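Q: Got a structure for you, upload07.cif, holding mmCIF, C-alpha atoms.
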data_run
#
loop_
_atom_site.label_atom_id
_atom_site.label_comp_id
_atom_site.auth_asym_id
_atom_site.auth_seq_id
_atom_site.Cartn_x
_atom_site.Cartn_y
_atom_site.Cartn_z
CA MET A 1 165.49 116.19 82.45
CA ASP A 2 165.53 116.06 86.18
CA ARG A 3 165.76 118.64 88.97
CA LEU A 4 169.55 118.94 88.65
CA ASP A 5 169.33 119.55 84.89
CA ARG A 6 166.77 122.32 85.47
CA GLU A 7 168.97 123.82 88.18
CA ILE A 8 171.99 123.73 85.85
CA LEU A 9 169.96 125.43 83.11
CA GLY A 10 168.91 128.16 85.53
CA ILE A 11 172.52 128.81 86.51
CA LEU A 12 173.68 128.83 82.89
CA GLN A 13 170.96 131.33 82.03
CA GLN A 14 172.36 133.65 84.69
CA ASP A 15 176.04 133.05 83.86
CA ALA A 16 176.83 131.24 80.62
CA ARG A 17 180.57 131.57 81.32
CA ILE A 18 180.59 129.76 84.67
CA SER A 19 183.29 127.08 84.96
CA TYR A 20 182.27 123.44 85.26
CA ARG A 21 183.98 123.41 88.67
CA ASP A 22 181.89 126.33 89.96
CA LEU A 23 178.75 124.94 88.34
CA GLY A 24 179.36 121.58 90.03
CA VAL A 25 179.86 123.23 93.41
CA ARG A 26 176.57 125.12 93.06
CA VAL A 27 174.55 121.98 92.25
CA GLY A 28 176.47 119.47 94.39
CA LEU A 29 178.29 117.60 91.61
CA SER A 30 181.88 117.14 90.56
CA ALA A 31 183.15 119.29 87.70
CA ASN A 32 183.18 116.21 85.43
CA ALA A 33 179.60 115.25 86.31
CA ALA A 34 178.40 118.83 85.69
CA ALA A 35 180.24 118.91 82.35
CA ASP A 36 178.71 115.55 81.36
CA ARG A 37 175.21 116.86 82.06
CA VAL A 38 175.83 120.04 80.05
CA ARG A 39 177.24 118.02 77.13
CA ARG A 40 174.22 115.68 77.22
CA MET A 41 171.79 118.62 77.19
CA ARG A 42 173.69 120.14 74.25
CA ARG A 43 173.62 116.81 72.39
CA ASP A 44 169.88 116.42 73.07
CA GLY A 45 169.14 119.95 71.83
CA VAL A 46 168.05 121.30 75.22
CA ILE A 47 170.98 123.75 75.08
CA ARG A 48 171.57 125.26 71.64
CA GLY A 49 174.18 127.85 72.56
CA PHE A 50 175.58 129.98 75.34
CA THR A 51 174.89 133.69 75.73
CA THR A 52 174.95 135.89 78.78
CA LEU A 53 172.46 138.73 78.48
CA VAL A 54 172.86 142.11 80.12
CA ASP A 55 169.95 143.55 82.10
CA PRO A 56 168.89 146.71 80.22
CA ALA A 57 168.76 148.63 83.52
CA ALA A 58 172.41 147.81 84.16
CA ASP A 59 173.59 148.57 80.63
CA SER A 60 175.54 151.81 80.56
CA GLY A 61 176.10 151.55 76.80
CA GLY A 62 172.69 152.90 75.88
CA GLY A 63 170.66 151.58 73.03
CA LEU A 64 167.15 150.19 72.93
CA VAL A 65 165.71 146.95 74.26
CA VAL A 66 162.63 146.06 72.24
CA PHE A 67 159.89 143.45 72.25
CA ILE A 68 158.49 142.64 68.82
CA ASP A 69 155.24 140.71 68.37
CA VAL A 70 155.53 138.87 65.07
CA THR A 71 152.94 137.32 62.75
CA LEU A 72 154.39 135.15 59.99
CA ARG A 73 153.42 135.21 56.33
CA LEU A 74 151.26 132.26 55.32
CA ASP A 75 154.09 130.90 53.14
CA THR A 76 156.62 130.92 56.00
CA THR A 77 157.07 127.93 58.29
CA ASN A 78 158.12 128.19 61.92
CA GLU A 79 161.36 126.38 61.08
CA GLU A 80 162.20 128.81 58.26
CA PHE A 81 161.50 131.79 60.50
CA GLU A 82 163.60 130.42 63.37
CA GLN A 83 166.54 129.70 61.06
CA GLN A 84 166.45 133.15 59.49
CA VAL A 85 165.92 135.13 62.69
CA ALA A 86 168.94 133.40 64.26
CA LYS A 87 171.10 135.13 61.63
CA LEU A 88 169.92 138.64 62.47
CA PRO A 89 172.03 140.92 64.67
CA GLY A 90 170.66 142.07 68.00
CA ILE A 91 168.18 139.25 68.56
CA THR A 92 168.45 138.06 72.18
CA GLU A 93 165.40 135.81 72.50
CA VAL A 94 162.72 134.31 70.25
CA VAL A 95 159.66 132.69 71.84
CA HIS A 96 156.89 130.82 70.01
CA VAL A 97 153.68 131.98 71.71
CA THR A 98 149.94 131.43 71.72
CA GLY A 99 147.44 134.15 70.97
CA GLU A 100 147.17 136.77 68.26
CA HIS A 101 150.84 136.61 67.20
CA ASP A 102 153.15 133.73 66.31
CA TYR A 103 156.32 134.83 68.11
CA LEU A 104 157.64 137.31 70.64
CA VAL A 105 161.12 138.55 69.75
CA ARG A 106 163.37 140.36 72.22
CA ALA A 107 166.15 142.39 70.63
CA ARG A 108 168.67 145.15 71.18
CA ALA A 109 169.17 148.03 68.77
CA ALA A 110 171.75 150.78 69.03
CA ASP A 111 169.27 153.47 67.98
CA PRO A 112 165.97 153.97 66.09
CA ALA A 113 167.71 153.62 62.72
CA ALA A 114 169.12 150.22 63.74
CA LEU A 115 165.66 149.17 64.95
CA ASP A 116 164.16 150.23 61.62
CA MET A 117 166.75 148.11 59.78
CA LEU A 118 166.03 145.11 62.03
CA LEU A 119 162.28 145.39 61.38
CA ARG A 120 162.88 145.64 57.63
CA ARG A 121 165.09 142.54 57.71
CA LEU A 122 162.52 140.60 59.74
CA LYS A 123 159.97 141.26 57.01
CA ARG A 124 162.31 140.80 54.06
CA ASP A 125 164.46 137.87 55.23
CA ALA A 126 162.51 136.05 57.95
CA GLY A 127 159.00 135.89 56.48
CA VAL A 128 157.24 138.31 58.84
CA ALA A 129 153.88 139.63 57.60
CA GLN A 130 153.13 141.96 60.52
CA SER A 131 154.93 143.21 63.59
CA SER A 132 154.17 145.35 66.60
CA THR A 133 157.12 146.79 68.52
CA ARG A 134 157.38 147.95 72.11
CA ILE A 135 160.44 149.68 73.56
CA ALA A 136 161.50 148.81 77.11
CA LEU A 137 161.73 151.92 79.29
CA ARG A 138 163.24 150.28 82.38
CA ALA A 139 163.36 146.92 84.15
CA ALA A 140 160.92 147.10 87.09
CA THR A 141 162.13 143.81 88.59
CA ARG A 142 165.02 141.49 88.05
CA PRO A 143 164.36 137.88 87.07
CA PRO A 144 164.66 135.46 89.99
CA GLY A 145 167.99 133.70 90.43
CA PRO A 146 168.44 129.92 90.28
CA ALA A 147 166.71 127.80 92.89
CA SER A 148 168.72 127.27 96.05
#
Would it be possible to restate this file's structure as structure tokens?
A:
Amino acid sequence: MDRLDREILGILQQDARISYRDLGVRVGLSANAAADRVRRMRRDGVIRGFTTLVDPAADSGGGLVVFIDVTLRLDTTNEEFEQQVAKLPGITEVVHVTGEHDYLVRARAADPAALDMLLRRLKRDAGVAQSSTRIALRAATRPPGPAS
């Protein structure tokens, strides 16, 4: 991956629905060249899917944004967990981390009952031994945009 690939990834993280033409204009490539780079990154596993996330502060639909620290059961592999958690509704990001926990999961839940169901499914279906959940109250800052 080079500088242009990283720039393309940054743009796609902000707007997963951007056209190849507009993407190319933003990084100084033709639409075909931008599309070729995106296809290559998908083929190489750098890009596994496209999702545009909504900033919780801008979401007028309500609901909860939560951060869940996860510790896996000893009989659960990282690969098994990642496959199972991808099937759960509301999961927006899963990050393998260092420290006391194995993963940090970001998710959306319509209400406390939906959060309770998600936590139960993480333990039952995804091999989670322990979890610690924090609810986002507001976004203090917005993530930086792509490099100019």
Q: What does the PyMOL selection byres ((chain A and resi 86-89) around 9) select in this file, as a list of chain:residue names?
A: A:Phe81, A:Glu82, A:Gln83, A:Gln84, A:Val85, A:Gly90, A:Ile91, A:Thr92, A:Val94, A:Ala107, A:Arg108, A:Ala109, A:Leu118, A:Arg121, A:Leu122
Q: Counting all atoms listed in the file, write as a PyMOL selection string all protein and nucleic acid residues lying at most 12 Å from (168.3, 117.8, 83.9) in the file's frame.
A: chain A and resi 1-10+27+33-34+36-42+44+46-47
Q: Please produce a file of the residues just selected, as an mmCIF file, in the coordinates of the input, where the atoms kept are C-alpha atoms.
A:
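Output contents, as saved in part31.cif:
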data_model
loop_
_atom_site.group_PDB
_atom_site.id
_atom_site.type_symbol
_atom_site.label_atom_id
_atom_site.label_comp_id
_atom_site.auth_asym_id
_atom_site.auth_seq_id
_atom_site.Cartn_x
_atom_site.Cartn_y
_atom_site.Cartn_z
ATOM 1 C CA MET A 1 165.490 116.190 82.450
ATOM 2 C CA ASP A 2 165.530 116.060 86.180
ATOM 3 C CA ARG A 3 165.760 118.640 88.970
ATOM 4 C CA LEU A 4 169.550 118.940 88.650
ATOM 5 C CA ASP A 5 169.330 119.550 84.890
ATOM 6 C CA ARG A 6 166.770 122.320 85.470
ATOM 7 C CA GLU A 7 168.970 123.820 88.180
ATOM 8 C CA ILE A 8 171.990 123.730 85.850
ATOM 9 C CA LEU A 9 169.960 125.430 83.110
ATOM 10 C CA GLY A 10 168.910 128.160 85.530
ATOM 11 C CA VAL A 27 174.550 121.980 92.250
ATOM 12 C CA ALA A 33 179.600 115.250 86.310
ATOM 13 C CA ALA A 34 178.400 118.830 85.690
ATOM 14 C CA ASP A 36 178.710 115.550 81.360
ATOM 15 C CA ARG A 37 175.210 116.860 82.060
ATOM 16 C CA VAL A 38 175.830 120.040 80.050
ATOM 17 C CA ARG A 39 177.240 118.020 77.130
ATOM 18 C CA ARG A 40 174.220 115.680 77.220
ATOM 19 C CA MET A 41 171.790 118.620 77.190
ATOM 20 C CA ARG A 42 173.690 120.140 74.250
ATOM 21 C CA ASP A 44 169.880 116.420 73.070
ATOM 22 C CA VAL A 46 168.050 121.300 75.220
ATOM 23 C CA ILE A 47 170.980 123.750 75.080
#
Q: From the options A:Asp22, A:Asp111, A:Lys123, A:Ala31, which residue's atoms come nearest to Leu64 of chain A, counting all atoms listed in the file?
A: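 Closest residue, counting all atoms listed in the file: A:Asp111.
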Q: So which one's closest to Gln130 of chain A, A:Asn32, A:Gln13, A:Thr71, A:Asn78? Using all atoms listed in the file, please.
A: A:Thr71
Q: With distances taken over only C-alpha atoms, which of A:Asp125, A:Asp15, A:Asp116, A:Glu100 is nearest to Val66 of chain A?
A: A:Asp116
Q: Using Å and a single decimal, report how far atom CA of Asp69 of chain A sits from atom CA of His96 of chain A.
A: 10.2 Å
Q: Have a look at A:Ala35, A:Ala136, A:Val128, A:Leu104 and name the one nearest to Arg21 of chain A; count only C-alpha atoms.
A: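 Looking only at the distances to Arg21 of chain A, the closest residue turns out to be A:Ala35.
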Q: How many Å separate atom CA of Glu80 of chain A from atom CA of Ile68 of chain A?
A: 17.8 Å
Q: Taking the partial coordinates given, rebuild segment 99-122 of chain A to contain N, CA and C atoms; return it as a PDB file, keeping the file's coordinate frame.
A:
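out-v5.pdb written:
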ATOM      1  N   GLY A  99     148.139 132.874  71.041  1.00  0.00           N
ATOM      2  CA  GLY A  99     147.440 134.150  70.970  1.00  0.00           C
ATOM      3  C   GLY A  99     147.446 134.736  69.574  1.00  0.00           C
ATOM      4  N   GLU A 100     147.326 136.044  69.516  1.00  0.00           N
ATOM      5  CA  GLU A 100     147.170 136.770  68.260  1.00  0.00           C
ATOM      6  C   GLU A 100     148.406 136.696  67.366  1.00  0.00           C
ATOM      7  N   HIS A 101     149.591 136.617  67.964  1.00  0.00           N
ATOM      8  CA  HIS A 101     150.840 136.610  67.200  1.00  0.00           C
ATOM      9  C   HIS A 101     151.488 135.235  67.257  1.00  0.00           C
ATOM     10  N   ASP A 102     152.449 135.013  66.362  1.00  0.00           N
ATOM     11  CA  ASP A 102     153.150 133.730  66.310  1.00  0.00           C
ATOM     12  C   ASP A 102     154.362 133.678  67.233  1.00  0.00           C
ATOM     13  N   TYR A 103     155.083 134.789  67.323  1.00  0.00           N
ATOM     14  CA  TYR A 103     156.320 134.830  68.110  1.00  0.00           C
ATOM     15  C   TYR A 103     156.428 136.155  68.852  1.00  0.00           C
ATOM     16  N   LEU A 104     157.199 136.111  69.942  1.00  0.00           N
ATOM     17  CA  LEU A 104     157.640 137.310  70.640  1.00  0.00           C
ATOM     18  C   LEU A 104     159.154 137.326  70.521  1.00  0.00           C
ATOM     19  N   VAL A 105     159.678 138.413  69.966  1.00  0.00           N
ATOM     20  CA  VAL A 105     161.120 138.550  69.750  1.00  0.00           C
ATOM     21  C   VAL A 105     161.625 139.651  70.665  1.00  0.00           C
ATOM     22  N   ARG A 106     162.693 139.343  71.408  1.00  0.00           N
ATOM     23  CA  ARG A 106     163.370 140.360  72.220  1.00  0.00           C
ATOM     24  C   ARG A 106     164.666 140.694  71.494  1.00  0.00           C
ATOM     25  N   ALA A 107     164.950 141.988  71.367  1.00  0.00           N
ATOM     26  CA  ALA A 107     166.150 142.390  70.630  1.00  0.00           C
ATOM     27  C   ALA A 107     166.735 143.660  71.221  1.00  0.00           C
ATOM     28  N   ARG A 108     167.976 143.916  70.826  1.00  0.00           N
ATOM     29  CA  ARG A 108     168.670 145.150  71.180  1.00  0.00           C
ATOM     30  C   ARG A 108     168.980 145.886  69.883  1.00  0.00           C
ATOM     31  N   ALA A 109     168.824 147.192  69.918  1.00  0.00           N
ATOM     32  CA  ALA A 109     169.170 148.030  68.770  1.00  0.00           C
ATOM     33  C   ALA A 109     169.897 149.259  69.285  1.00  0.00           C
ATOM     34  N   ALA A 110     170.933 149.657  68.588  1.00  0.00           N
ATOM     35  CA  ALA A 110     171.750 150.780  69.030  1.00  0.00           C
ATOM     36  C   ALA A 110     170.952 152.083  69.058  1.00  0.00           C
ATOM     37  N   ASP A 111     170.030 152.224  68.107  1.00  0.00           N
ATOM     38  CA  ASP A 111     169.270 153.470  67.980  1.00  0.00           C
ATOM     39  C   ASP A 111     168.042 153.198  67.107  1.00  0.00           C
ATOM     40  N   PRO A 112     167.165 154.195  66.921  1.00  0.00           N
ATOM     41  CA  PRO A 112     165.970 153.970  66.090  1.00  0.00           C
ATOM     42  C   PRO A 112     166.280 153.535  64.658  1.00  0.00           C
ATOM     43  N   ALA A 113     167.358 154.025  64.089  1.00  0.00           N
ATOM     44  CA  ALA A 113     167.710 153.620  62.720  1.00  0.00           C
ATOM     45  C   ALA A 113     168.060 152.131  62.670  1.00  0.00           C
ATOM     46  N   ALA A 114     168.784 151.642  63.682  1.00  0.00           N
ATOM     47  CA  ALA A 114     169.120 150.220  63.740  1.00  0.00           C
ATOM     48  C   ALA A 114     167.866 149.373  63.950  1.00  0.00           C
ATOM     49  N   LEU A 115     166.930 149.868  64.758  1.00  0.00           N
ATOM     50  CA  LEU A 115     165.660 149.170  64.950  1.00  0.00           C
ATOM     51  C   LEU A 115     164.884 149.103  63.643  1.00  0.00           C
ATOM     52  N   ASP A 116     164.843 150.202  62.914  1.00  0.00           N
ATOM     53  CA  ASP A 116     164.160 150.230  61.620  1.00  0.00           C
ATOM     54  C   ASP A 116     164.759 149.188  60.681  1.00  0.00           C
ATOM     55  N   MET A 117     166.083 149.094  60.648  1.00  0.00           N
ATOM     56  CA  MET A 117     166.750 148.110  59.780  1.00  0.00           C
ATOM     57  C   MET A 117     166.409 146.686  60.224  1.00  0.00           C
ATOM     58  N   LEU A 118     166.383 146.433  61.531  1.00  0.00           N
ATOM     59  CA  LEU A 118     166.030 145.110  62.030  1.00  0.00           C
ATOM     60  C   LEU A 118     164.607 144.736  61.612  1.00  0.00           C
ATOM     61  N   LEU A 119     163.675 145.662  61.766  1.00  0.00           N
ATOM     62  CA  LEU A 119     162.280 145.390  61.380  1.00  0.00           C
ATOM     63  C   LEU A 119     162.167 145.121  59.887  1.00  0.00           C
ATOM     64  N   ARG A 120     162.887 145.860  59.090  1.00  0.00           N
ATOM     65  CA  ARG A 120     162.880 145.640  57.630  1.00  0.00           C
ATOM     66  C   ARG A 120     163.431 144.250  57.294  1.00  0.00           C
ATOM     67  N   ARG A 121     164.497 143.848  57.980  1.00  0.00           N
ATOM     68  CA  ARG A 121     165.090 142.540  57.710  1.00  0.00           C
ATOM     69  C   ARG A 121     164.185 141.411  58.187  1.00  0.00           C
ATOM     70  N   LEU A 122     163.478 141.613  59.297  1.00  0.00           N
ATOM     71  CA  LEU A 122     162.520 140.600  59.740  1.00  0.00           C
ATOM     72  C   LEU A 122     161.485 140.347  58.653  1.00  0.00           C
TER      73      LEU A 122
END
